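**Q** Once you've had a glance at the structure underneath, I'll fire off some questions.
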Amino acid sequence: MSADEIRGTTHGTAPVPLSVLDLVTVGAGSTATDALRTSVALSRLTESRGFHRYWVAEHHSMPGVASSSPAVILAHLAAHTDRIRLGSGGVMLPNHAPLVIAEQFGTLEAMAPGRIDLGLGRAPGTDGATAAALRRTDTLNEGADDFPQQLAELLRFLDDDFPDGHPYRRIHAIPGPVQGTAPGGVQSAHRPPVWLLGSSGFSARLAGMLGLPFAFAHHFSAQNTIPALDLYRQTFRPSAVLDEPYALIGVSALATDDEREARRQTRAMALNMLRLRTGRPGLFPDPEEAERHEFSTLEEDFVGSWTANVVHGTADEVRTGLDDLRKRTGADELMITSHAHRGELRLRSYELIADAYGLPTA
């Protein structure tokens, strides 16, 4: 694969390529159908404005997040877009058999050749009980501990290169490279670039050692961002995929026409996260609900620390915040996730950010 599939192109005055992370947010009073329609509209908008890639994150058992099946959503988005890269941010590999993921993303690659990314994480993307139901096991640490082995198996399936004597040598992920070697086969051997995702040092080190691109979840683990990126760069070994490190960071950012509205929406976002962190996930609350909520002192501390890591305000304020964050981290790409109760506010946020950087309009 070409490194150009990994490295994006900057547009306008943006310091690095800009991309999108979509959690398919479901707000109170709306449906999953509404959220998925917003995702289609958002993928088309950001494609037209020059955003580089559009990723969907795997989450489970969260009423306010309708992205439990990234591969299904990506297939839908592929049918409504033409150029923007589409991918998982990420698929939580321990929840799945590697062969299944190879088949799903081989299918996506066949649907949208040269546009698919496979981002992989080792966390469950949910609580322990749900992870046990997904994995059909009560040994939840097993999946995370075995992540390097699962990754190696997945890469073998994607490349169809298990060695002779391996028990999986005669098993092939379809669609996949084996179709090009069969009599009369013309299937391309190309497969999606693999990214490792993380919120700590484990995947940063592994991505560096394997020479893979790395995506860090700054939007919910900001205190670990710089240490993890430093570790990735220090341990990086050139590979057939990359000759030098390439790291993006996920950034929570919300731009609005009115600065006050940005503060209101961000406080609602903090209430949503507070409920999630305390085991009470629900639909994404509206700002009025957040204003009515009586926060305890500890909850106010959480809200303050959470909102401090959300780049929010007017378009100019968000642009300045993103520029500062990029300088502090040295990130090669910014992947923006905009949360708001209503889909039109999310769309408007990306539009304002694109305008602030002078991104193309078609």
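Simple scheme: letters A, B, ... for chains in structure tokens order, numbers from 1 for residues in each chain, numbers from 1 for ligands in the order shown.
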Report as a Markdown table: every residue of stretch 244-276 of chain A with an atom at most 9 Å from stretch 331-335 of chain A, its closest pair of atoms, and their distance in Å to one decimal, counting only C-alpha atoms, with rows sorted by chain and ascending residue number.

**A**
| residue | atom | partner | partner_atom | distance |
| --- | --- | --- | --- | --- |
| A:Pro245 | CA | A:Asp332 | CA | 8.9 |
| A:Tyr246 | CA | A:Asp332 | CA | 6.1 |
| A:Ala247 | CA | A:Asp332 | CA | 5.4 |
| A:Leu248 | CA | A:Glu333 | CA | 4.4 |
| A:Ile249 | CA | A:Leu334 | CA | 5.4 |
| A:Gly250 | CA | A:Met335 | CA | 4.7 |
| A:Val251 | CA | A:Met335 | CA | 5.9 |
| A:Ser252 | CA | A:Met335 | CA | 8.5 |

**Q** Can you tell me, as a PyMOL selection string, what residues are no more than 7 Å from A:Gly64 when counting only C-alpha atoms, ignoring any on the same chain fewer than 3 positions away?

**A** chain A and resi 25-27+282-284

**Q** Can you list every residue of stretch 174-245 of chain A that has an atom at most 10 Å from stretch 89-101 of chain A, with its nearest atom pair and the distance in Å to one decimal, using only C-alpha atoms, ordered by chain then number, as a Markdown table?

**A**
| residue | atom | partner | partner_atom | distance |
| --- | --- | --- | --- | --- |
| A:Ile174 | CA | A:Leu99 | CA | 9.4 |
| A:Trp195 | CA | A:Gly90 | CA | 8.7 |
| A:Leu196 | CA | A:Gly90 | CA | 8.5 |
| A:Leu197 | CA | A:Gly90 | CA | 7.0 |
| A:Gly198 | CA | A:Gly90 | CA | 9.6 |
| A:Ala215 | CA | A:Gly89 | CA | 8.4 |
| A:Ala217 | CA | A:Gly89 | CA | 9.6 |

**Q** Could you write out the selected residues, including all heavy atoms, as a PDB file, in the first residue's frame?

**A**
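Okay, this is what ended up in part27.pdb:
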ATOM      1  N   ILE A 174     -12.358 -13.977   2.415  1.00  0.00           N
ATOM      2  CA  ILE A 174     -12.972 -13.627   1.135  1.00  0.00           C
ATOM      3  C   ILE A 174     -13.975 -12.489   1.357  1.00  0.00           C
ATOM      4  O   ILE A 174     -14.827 -12.617   2.243  1.00  0.00           O
ATOM      5  CB  ILE A 174     -13.707 -14.843   0.517  1.00  0.00           C
ATOM      6  CG1 ILE A 174     -12.786 -16.057   0.436  1.00  0.00           C
ATOM      7  CG2 ILE A 174     -14.286 -14.480  -0.850  1.00  0.00           C
ATOM      8  CD1 ILE A 174     -11.627 -15.902  -0.520  1.00  0.00           C
ATOM      9  N   TRP A 195      -4.337   0.590  11.275  1.00  0.00           N
ATOM     10  CA  TRP A 195      -3.923   1.554  12.289  1.00  0.00           C
ATOM     11  C   TRP A 195      -4.110   0.919  13.664  1.00  0.00           C
ATOM     12  O   TRP A 195      -5.037   0.131  13.870  1.00  0.00           O
ATOM     13  CB  TRP A 195      -4.801   2.803  12.243  1.00  0.00           C
ATOM     14  CG  TRP A 195      -4.642   3.687  11.063  1.00  0.00           C
ATOM     15  CD1 TRP A 195      -4.973   3.424   9.767  1.00  0.00           C
ATOM     16  CD2 TRP A 195      -4.139   5.032  11.087  1.00  0.00           C
ATOM     17  NE1 TRP A 195      -4.713   4.509   8.984  1.00  0.00           N
ATOM     18  CE2 TRP A 195      -4.205   5.517   9.765  1.00  0.00           C
ATOM     19  CE3 TRP A 195      -3.668   5.866  12.100  1.00  0.00           C
ATOM     20  CZ2 TRP A 195      -3.796   6.801   9.426  1.00  0.00           C
ATOM     21  CZ3 TRP A 195      -3.269   7.147  11.767  1.00  0.00           C
ATOM     22  CH2 TRP A 195      -3.323   7.603  10.442  1.00  0.00           C
ATOM     23  N   LEU A 196      -3.265   1.300  14.604  1.00  0.00           N
ATOM     24  CA  LEU A 196      -3.502   0.934  15.990  1.00  0.00           C
ATOM     25  C   LEU A 196      -3.996   2.164  16.738  1.00  0.00           C
ATOM     26  O   LEU A 196      -3.480   3.276  16.551  1.00  0.00           O
ATOM     27  CB  LEU A 196      -2.240   0.385  16.655  1.00  0.00           C
ATOM     28  CG  LEU A 196      -1.712  -0.932  16.109  1.00  0.00           C
ATOM     29  CD1 LEU A 196      -0.654  -1.507  17.054  1.00  0.00           C
ATOM     30  CD2 LEU A 196      -2.818  -1.947  15.878  1.00  0.00           C
ATOM     31  N   LEU A 197      -5.022   1.960  17.568  1.00  0.00           N
ATOM     32  CA  LEU A 197      -5.614   3.031  18.366  1.00  0.00           C
ATOM     33  C   LEU A 197      -5.268   2.812  19.827  1.00  0.00           C
ATOM     34  O   LEU A 197      -5.099   1.660  20.272  1.00  0.00           O
ATOM     35  CB  LEU A 197      -7.131   3.037  18.210  1.00  0.00           C
ATOM     36  CG  LEU A 197      -7.730   3.667  16.951  1.00  0.00           C
ATOM     37  CD1 LEU A 197      -7.243   2.989  15.685  1.00  0.00           C
ATOM     38  CD2 LEU A 197      -9.239   3.606  17.003  1.00  0.00           C
ATOM     39  N   GLY A 198      -5.188   3.889  20.583  1.00  0.00           N
ATOM     40  CA  GLY A 198      -4.894   3.726  21.990  1.00  0.00           C
ATOM     41  C   GLY A 198      -5.206   4.955  22.809  1.00  0.00           C
ATOM     42  O   GLY A 198      -5.385   6.058  22.277  1.00  0.00           O
ATOM     43  N   ALA A 215      -3.158   6.156  16.196  1.00  0.00           N
ATOM     44  CA  ALA A 215      -4.197   7.151  16.506  1.00  0.00           C
ATOM     45  C   ALA A 215      -4.402   7.177  18.009  1.00  0.00           C
ATOM     46  O   ALA A 215      -4.687   6.139  18.616  1.00  0.00           O
ATOM     47  CB  ALA A 215      -5.497   6.801  15.790  1.00  0.00           C
ATOM     48  N   ALA A 217      -6.385   8.679  21.451  1.00  0.00           N
ATOM     49  CA  ALA A 217      -7.684   9.205  21.881  1.00  0.00           C
ATOM     50  C   ALA A 217      -7.507  10.377  22.844  1.00  0.00           C
ATOM     51  O   ALA A 217      -7.842  10.283  24.029  1.00  0.00           O
ATOM     52  CB  ALA A 217      -8.513   8.100  22.520  1.00  0.00           C
TER      53      ALA A 217
END

**Q** I'd like to know which of A:Arg280, A:His218, A:His341, A:Arg348 is closest to A:Arg326, using only C-alpha atoms.

**A** A:His218

**Q** Using Å and a single decimal, report how far atom CA of A:Gly279 sits from atom CA of A:His60.

**A**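 These atoms are spaced 13.0 Å apart.
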
**Q** For A:Glu47, which of A:Asn309, A:Ser349, A:Thr361, A:Ser67 is the closest residue, counting only C-alpha atoms?

**A**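 Closest to A:Glu47, using only C-alpha atoms: A:Thr361.
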
**Q** Find the spatial neighbours of A:Met111, counting only C-alpha atoms, within a cut-off of 9 Å - ignore same-chain residues fewer than 6 positions away - and output them as a ChimeraX atom specification.

**A** /A:75,78-79

**Q** Write out as an MDAnalysis selection string all residues of stretch 114-308 of chain A that backbone DSSP assigns to helix (DSSP H, G or I).

**A** chainID A and resid 128:135 140:145 147:159 178:181 201:210 222:235 259:277 287:292 297:307

**Q** Write out as JSON, numbers by chain the residues lying within 8 Å of A:Trp306, counting only C-alpha atoms and excluding same-chain residues fewer than 4 positions away.

**A** {"A": [270, 302, 310]}

**Q** Pick from A:Ala362, A:Ala110, A:Ala32, A:Met273: nearest to A:Glu299, with only C-alpha atoms counted?

**A**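 The answer is A:Met273, which sits nearest to A:Glu299.
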
**Q** Between A:Val311, A:Leu325, A:Val72, A:Ala14, which is the closest to A:Arg263 once you count only C-alpha atoms?

**A**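 Nearest candidate to A:Arg263 out of A:Val311, A:Leu325, A:Val72, A:Ala14: A:Val311.
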
**Q** At a cut-off of 7 Å, using only C-alpha atoms, what residues contact A:Arg115? Leave out same-chain residues fewer than 6 positions from it and give the result as a list in words.

**A**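 Counting only C-alpha atoms, the residues come to Ile84, Arg85 and Leu86 of chain A.
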
**Q** So which bits of stretch 1-216 of chain A end up strand (DSSP E or B) when you DSSP the backbone, as a PyMOL selection string?

**A** chain A and resi 18-22+25+27+53-56+65+85-92+116-121+194-198+214-216

**Q** Kindly indicate which residue among A:Gly313, A:Gly330, A:Pro183, A:Pro63 lies nearest to A:Gln265, using only C-alpha atoms for the distances.

**A** A:Gly313
